Amino acid sequence: MIDAMKNHVIAAAVLIFMGTTCAVFFVVAFVLWLLTVLFDKRLVLLHMFTSFWGHLYLWTVPFWSVTIIGREKLRKDATYMIVSNHQSQLDILVAFGLFFPFKWISKAEIFRVPFVGWNMTLNQYIKLKRGDKESINRMMGECEKMFRKGCSLYFFPEGTRSKTGVVKPFKPGAFILAKKMRVPILMIAINGTKNALPKHSMGFHGSHDIRLEVLGEIPYEEFSDLSVEALAETVRQRIGAHVDDHLKTVVSVE
């Protein structure tokens, strides 16, 4: 009972801190956008500030230990299709810890959230309405434009968060784009967020070790002859091999 009350207090404190700081950070982001939008066409500086803003909420929770592995594998001048598994809303804040410029593809509803969604619009992140063919086609077109500008894109190709941690089948969109635009695929595995903030939960669930691992890239030349379906499954298996809950399930089934 005492532990449950403590967890509720911590969760409330984190939410209050986020709510009170978002307005301040948005004002800073808006000023930064005004000062840089004319010469920073990819909005790199704004994204870096947004990365600080997002990752700050992980730094301020002492019960969550976040480790970024393989950051040195990122090529600063590269344009990537970045793909990773998806376990929790925390994945977004963890990925910001890369401090690498990219554009998110996110649900259209999130763009309506005060301050956070407005900042996503400033950053030119890309909207998507799930199940809406027109929205999907528009999203794919926006992604192609971003690639032509030299922007990397970050996809969660599972589409939704995995409740069990098992990496679900990958949807084809990210891989259609990677093949069409001939960009390398950067693979990322995330562990620990599922238990830290489970799906459909906004509570606090104790201390957790969170890990993001940059697995490396697959050059276009290595997948140019693969079908979209084969490429999606190849990347899924490579990422899954570094996801703890996925491996446990595979081993238990075998």
# chains A, B, ... in the order shown; residues from 1 in each chain; ligands from 1
>>> closest_atom_pairs(of="stretch 134-216 of chain A", to="stretch 61-71 of chain A", cutoff="12 Å", atoms="only C-alpha atoms", output="tab-separated table")
residue	atom	partner	partner_atom	distance
A:Leu186	CA	A:Gly70	CA	11.5
A:Met187	CA	A:Gly70	CA	10.9
A:Ile188	CA	A:Gly70	CA	9.5
A:Ala189	CA	A:Ile69	CA	9.8
A:Ile190	CA	A:Ile68	CA	9.5
A:Asn191	CA	A:Val66	CA	9.8
A:Gly192	CA	A:Val66	CA	9.0
A:Thr193	CA	A:Trp64	CA	9.4
A:Asn195	CA	A:Trp64	CA	10.9
A:Ala196	CA	A:Trp64	CA	7.7
A:Leu197	CA	A:Trp64	CA	10.5
A:Phe204	CA	A:Phe63	CA	9.7
A:His205	CA	A:Phe63	CA	9.5
A:Gly206	CA	A:Phe63	CA	6.7
A:Ser207	CA	A:Phe63	CA	4.5
A:His208	CA	A:Trp64	CA	5.1
A:Asp209	CA	A:Ser65	CA	4.8
A:Ile210	CA	A:Val66	CA	4.7
A:Arg211	CA	A:Thr67	CA	4.8
A:Leu212	CA	A:Ile68	CA	4.9
A:Glu213	CA	A:Ile69	CA	4.6
A:Val214	CA	A:Gly70	CA	4.8
A:Leu215	CA	A:Gly70	CA	6.9
A:Gly216	CA	A:Gly70	CA	7.9
>>> residues_around(residues="stretch 24-33 of chain A", least_positions_apart="3", cutoff="12 Å", atoms="only C-alpha atoms", output="ChimeraX atom specification")
/A:17-21,36-54,56,113-124
>>> write_last_selection(atoms="N, CA and C atoms", output="JSON list (two decimals), in the first residue's frame")
[["chain", "number", "residue", "atom", "x", "y", "z"],
["A", 17, "PHE", "N", 5.74, 18.38, -13.26],
["A", 17, "PHE", "CA", 6.98, 18.99, -13.77],
["A", 17, "PHE", "C", 6.93, 19.12, -15.28],
["A", 18, "MET", "N", 6.48, 18.08, -15.95],
["A", 18, "MET", "CA", 6.37, 18.13, -17.41],
["A", 18, "MET", "C", 5.39, 19.21, -17.85],
["A", 19, "GLY", "N", 4.24, 19.25, -17.16],
["A", 19, "GLY", "CA", 3.22, 20.23, -17.55],
["A", 19, "GLY", "C", 3.66, 21.67, -17.36],
["A", 20, "THR", "N", 4.40, 21.93, -16.29],
["A", 20, "THR", "CA", 4.81, 23.31, -16.01],
["A", 20, "THR", "C", 6.00, 23.74, -16.85],
["A", 21, "THR", "N", 6.81, 22.80, -17.29],
["A", 21, "THR", "CA", 8.00, 23.17, -18.08],
["A", 21, "THR", "C", 7.72, 23.21, -19.58],
["A", 36, "THR", "N", 16.35, 30.85, -36.56],
["A", 36, "THR", "CA", 17.15, 29.91, -37.38],
["A", 36, "THR", "C", 16.44, 29.42, -38.64],
["A", 37, "VAL", "N", 15.14, 29.58, -38.75],
["A", 37, "VAL", "CA", 14.39, 28.94, -39.83],
["A", 37, "VAL", "C", 14.86, 29.38, -41.21],
["A", 38, "LEU", "N", 15.37, 30.60, -41.35],
["A", 38, "LEU", "CA", 15.77, 31.09, -42.67],
["A", 38, "LEU", "C", 17.09, 30.50, -43.17],
["A", 39, "PHE", "N", 17.95, 30.07, -42.25],
["A", 39, "PHE", "CA", 19.24, 29.52, -42.71],
["A", 39, "PHE", "C", 19.43, 28.06, -42.33],
["A", 40, "ASP", "N", 18.65, 27.54, -41.41],
["A", 40, "ASP", "CA", 18.76, 26.14, -41.01],
["A", 40, "ASP", "C", 17.60, 25.38, -41.65],
["A", 41, "LYS", "N", 17.76, 25.02, -42.91],
["A", 41, "LYS", "CA", 16.65, 24.45, -43.68],
["A", 41, "LYS", "C", 16.18, 23.12, -43.12],
["A", 42, "ARG", "N", 17.06, 22.35, -42.51],
["A", 42, "ARG", "CA", 16.66, 21.05, -41.93],
["A", 42, "ARG", "C", 16.23, 21.19, -40.47],
["A", 43, "LEU", "N", 16.30, 22.43, -39.95],
["A", 43, "LEU", "CA", 15.91, 22.71, -38.56],
["A", 43, "LEU", "C", 16.68, 21.83, -37.56],
["A", 44, "VAL", "N", 17.96, 21.67, -37.82],
["A", 44, "VAL", "CA", 18.81, 20.83, -36.97],
["A", 44, "VAL", "C", 18.91, 21.41, -35.56],
["A", 45, "LEU", "N", 19.12, 22.72, -35.45],
["A", 45, "LEU", "CA", 19.28, 23.33, -34.14],
["A", 45, "LEU", "C", 18.00, 23.19, -33.32],
["A", 46, "LEU", "N", 16.86, 23.36, -33.96],
["A", 46, "LEU", "CA", 15.60, 23.21, -33.25],
["A", 46, "LEU", "C", 15.41, 21.77, -32.78],
["A", 47, "HIS", "N", 15.75, 20.82, -33.62],
["A", 47, "HIS", "CA", 15.62, 19.42, -33.22],
["A", 47, "HIS", "C", 16.55, 19.10, -32.05],
["A", 48, "MET", "N", 17.76, 19.65, -32.07],
["A", 48, "MET", "CA", 18.69, 19.39, -30.97],
["A", 48, "MET", "C", 18.15, 19.96, -29.66],
["A", 49, "PHE", "N", 17.54, 21.13, -29.72],
["A", 49, "PHE", "CA", 16.92, 21.68, -28.52],
["A", 49, "PHE", "C", 15.76, 20.80, -28.08],
["A", 50, "THR", "N", 14.97, 20.33, -29.04],
["A", 50, "THR", "CA", 13.86, 19.44, -28.73],
["A", 50, "THR", "C", 14.37, 18.14, -28.11],
["A", 51, "SER", "N", 15.51, 17.66, -28.57],
["A", 51, "SER", "CA", 16.11, 16.46, -28.00],
["A", 51, "SER", "C", 16.47, 16.68, -26.54],
["A", 52, "PHE", "N", 17.04, 17.86, -26.24],
["A", 52, "PHE", "CA", 17.34, 18.21, -24.85],
["A", 52, "PHE", "C", 16.06, 18.27, -24.03],
["A", 53, "TRP", "N", 15.06, 18.93, -24.57],
["A", 53, "TRP", "CA", 13.76, 19.08, -23.90],
["A", 53, "TRP", "C", 13.18, 17.70, -23.57],
["A", 54, "GLY", "N", 13.13, 16.82, -24.56],
["A", 54, "GLY", "CA", 12.53, 15.51, -24.36],
["A", 54, "GLY", "C", 13.33, 14.62, -23.42],
["A", 56, "LEU", "N", 15.37, 15.50, -21.15],
["A", 56, "LEU", "CA", 15.45, 16.06, -19.79],
["A", 56, "LEU", "C", 14.53, 15.32, -18.83],
["A", 113, "VAL", "N", -1.73, 18.37, -29.31],
["A", 113, "VAL", "CA", -1.43, 18.52, -27.88],
["A", 113, "VAL", "C", -0.74, 19.87, -27.67],
["A", 114, "PRO", "N", -1.22, 20.70, -26.76],
["A", 114, "PRO", "CA", -0.60, 22.01, -26.54],
["A", 114, "PRO", "C", 0.89, 21.90, -26.24],
["A", 115, "PHE", "N", 1.65, 22.83, -26.79],
["A", 115, "PHE", "CA", 3.08, 22.98, -26.59],
["A", 115, "PHE", "C", 3.88, 21.84, -27.25],
["A", 116, "VAL", "N", 3.65, 20.60, -26.84],
["A", 116, "VAL", "CA", 4.39, 19.48, -27.42],
["A", 116, "VAL", "C", 4.04, 19.33, -28.90],
["A", 117, "GLY", "N", 2.75, 19.27, -29.20],
["A", 117, "GLY", "CA", 2.33, 19.13, -30.58],
["A", 117, "GLY", "C", 2.69, 20.35, -31.43],
["A", 118, "TRP", "N", 2.58, 21.53, -30.83],
["A", 118, "TRP", "CA", 2.96, 22.75, -31.56],
["A", 118, "TRP", "C", 4.45, 22.74, -31.90],
["A", 119, "ASN", "N", 5.24, 22.24, -30.98],
["A", 119, "ASN", "CA", 6.67, 22.15, -31.25],
["A", 119, "ASN", "C", 6.97, 21.13, -32.35],
["A", 120, "MET", "N", 6.19, 20.06, -32.39],
["A", 120, "MET", "CA", 6.36, 19.07, -33.46],
["A", 120, "MET", "C", 6.08, 19.71, -34.82],
["A", 121, "THR", "N", 5.09, 20.59, -34.86],
["A", 121, "THR", "CA", 4.79, 21.30, -36.11],
["A", 121, "THR", "C", 5.95, 22.21, -36.50],
["A", 122, "LEU", "N", 6.51, 22.94, -35.53],
["A", 122, "LEU", "CA", 7.67, 23.79, -35.81],
["A", 122, "LEU", "C", 8.82, 22.98, -36.39],
["A", 123, "ASN", "N", 9.00, 21.76, -35.87],
["A", 123, "ASN", "CA", 10.10, 20.90, -36.31],
["A", 123, "ASN", "C", 9.86, 20.23, -37.65],
["A", 124, "GLN", "N", 8.66, 20.41, -38.19],
["A", 124, "GLN", "CA", 8.26, 19.78, -39.45],
["A", 124, "GLN", "C", 8.28, 18.26, -39.34]]
>>> atom_distance(atom1="atom CA of A:Cys151", atom2="atom CA of A:Val235")
21.0 Å
>>> closest_residue(among="A:Phe100, A:Phe170, A:Phe111, A:Tyr220", to="A:Ile126", atoms="only C-alpha atoms")
A:Phe111
>>> select_by_dssp(residues="stretch 7-182 of chain A", states="strand (DSSP E)", output="PyMOL selection string")
chain A and resi 64-69+81-84+103-107+126-128+153-155
>>> write_last_selection(atoms="C-alpha atoms", output="compact mmCIF listing (two decimals), in the first residue's frame")
# COMPACT_ATOMS: atom_id res chain seq x y z
CA TRP A 64 15.41 5.38 -14.47
CA SER A 65 18.94 4.68 -15.66
CA VAL A 66 19.30 5.33 -19.39
CA THR A 67 22.26 4.01 -21.38
CA ILE A 68 22.96 4.82 -25.03
CA ILE A 69 25.21 2.25 -26.72
CA MET A 81 15.93 5.57 -42.54
CA ILE A 82 16.03 4.90 -38.78
CA VAL A 83 13.92 1.98 -37.53
CA SER A 84 13.51 0.51 -34.06
CA LYS A 103 12.15 13.78 -38.33
CA TRP A 104 9.53 11.77 -36.45
CA ILE A 105 6.53 10.20 -38.13
CA SER A 106 3.75 10.51 -35.53
CA LYS A 107 0.01 10.15 -35.07
CA ILE A 126 5.31 14.32 -40.22
CA LYS A 127 1.66 13.56 -39.43
CA LEU A 128 -0.05 10.23 -40.01
CA LEU A 153 13.49 9.84 -40.68
CA TYR A 154 12.63 7.77 -37.59
CA PHE A 155 10.00 5.02 -37.91
>>> select_by_dssp(residues="stretch 113-193 of chain A", states="alpha helix (DSSP H)", output="PyMOL selection string")
chain A and resi 116-122+133-148+173-181+193
>>> atom_distance(atom1="atom CA of A:Thr164", atom2="atom CA of A:Thr249")
9.2 Å
>>> residues_around(residues="A:Thr234", least_positions_apart="2", cutoff="12 Å", atoms="only C-alpha atoms", output="PyMOL selection string")
chain A and resi 169-170+175+185+187+218+222-223+226-232+236-241
>>> write_last_selection(atoms="C-alpha atoms", output="PDB file, in the first residue's frame")
ATOM      1  CA  PRO A 169       5.766  -7.831 -37.759  1.00  0.00           C
ATOM      2  CA  PHE A 170       7.046  -4.688 -39.451  1.00  0.00           C
ATOM      3  CA  PHE A 175      11.224  -0.146 -46.301  1.00  0.00           C
ATOM      4  CA  ILE A 185      18.677   1.709 -42.897  1.00  0.00           C
ATOM      5  CA  MET A 187      18.745  -0.214 -36.892  1.00  0.00           C
ATOM      6  CA  ILE A 218      22.522  -1.570 -43.756  1.00  0.00           C
ATOM      7  CA  GLU A 222      23.008  -4.721 -49.436  1.00  0.00           C
ATOM      8  CA  PHE A 223      19.223  -4.693 -49.725  1.00  0.00           C
ATOM      9  CA  LEU A 226      15.495  -7.782 -51.625  1.00  0.00           C
ATOM     10  CA  SER A 227      11.732  -7.507 -51.780  1.00  0.00           C
ATOM     11  CA  VAL A 228      10.110  -5.081 -49.346  1.00  0.00           C
ATOM     12  CA  GLU A 229       8.686  -8.029 -47.380  1.00  0.00           C
ATOM     13  CA  ALA A 230      12.033  -9.812 -47.146  1.00  0.00           C
ATOM     14  CA  LEU A 231      13.795  -6.608 -46.143  1.00  0.00           C
ATOM     15  CA  ALA A 232      11.247  -5.846 -43.416  1.00  0.00           C
ATOM     16  CA  ARG A 236      12.952  -7.229 -37.726  1.00  0.00           C
ATOM     17  CA  GLN A 237      15.040 -10.316 -36.984  1.00  0.00           C
ATOM     18  CA  ARG A 238      18.237  -8.299 -36.581  1.00  0.00           C
ATOM     19  CA  ILE A 239      16.592  -5.878 -34.162  1.00  0.00           C
ATOM     20  CA  GLY A 240      14.774  -8.672 -32.344  1.00  0.00           C
ATOM     21  CA  ALA A 241      18.093 -10.390 -31.666  1.00  0.00           C
TER      22      ALA A 241
END
>>> closest_residue(among="A:Glu144, A:Lys168, A:Glu233, A:Gly159", to="A:Asp245", atoms="only C-alpha atoms")
A:Lys168
>>> closest_residue(among="A:Met146, A:Leu93, A:Cys22, A:Ala174", to="A:Glu158", atoms="only C-alpha atoms")
A:Ala174
>>> closest_residue(among="A:Thr60, A:Ser224, A:Ser135, A:Asn85", to="A:Phe156", atoms="only C-alpha atoms")
A:Asn85
>>> atom_distance(atom1="atom CA of A:Leu74", atom2="atom CA of A:Ala95")
13.1 Å
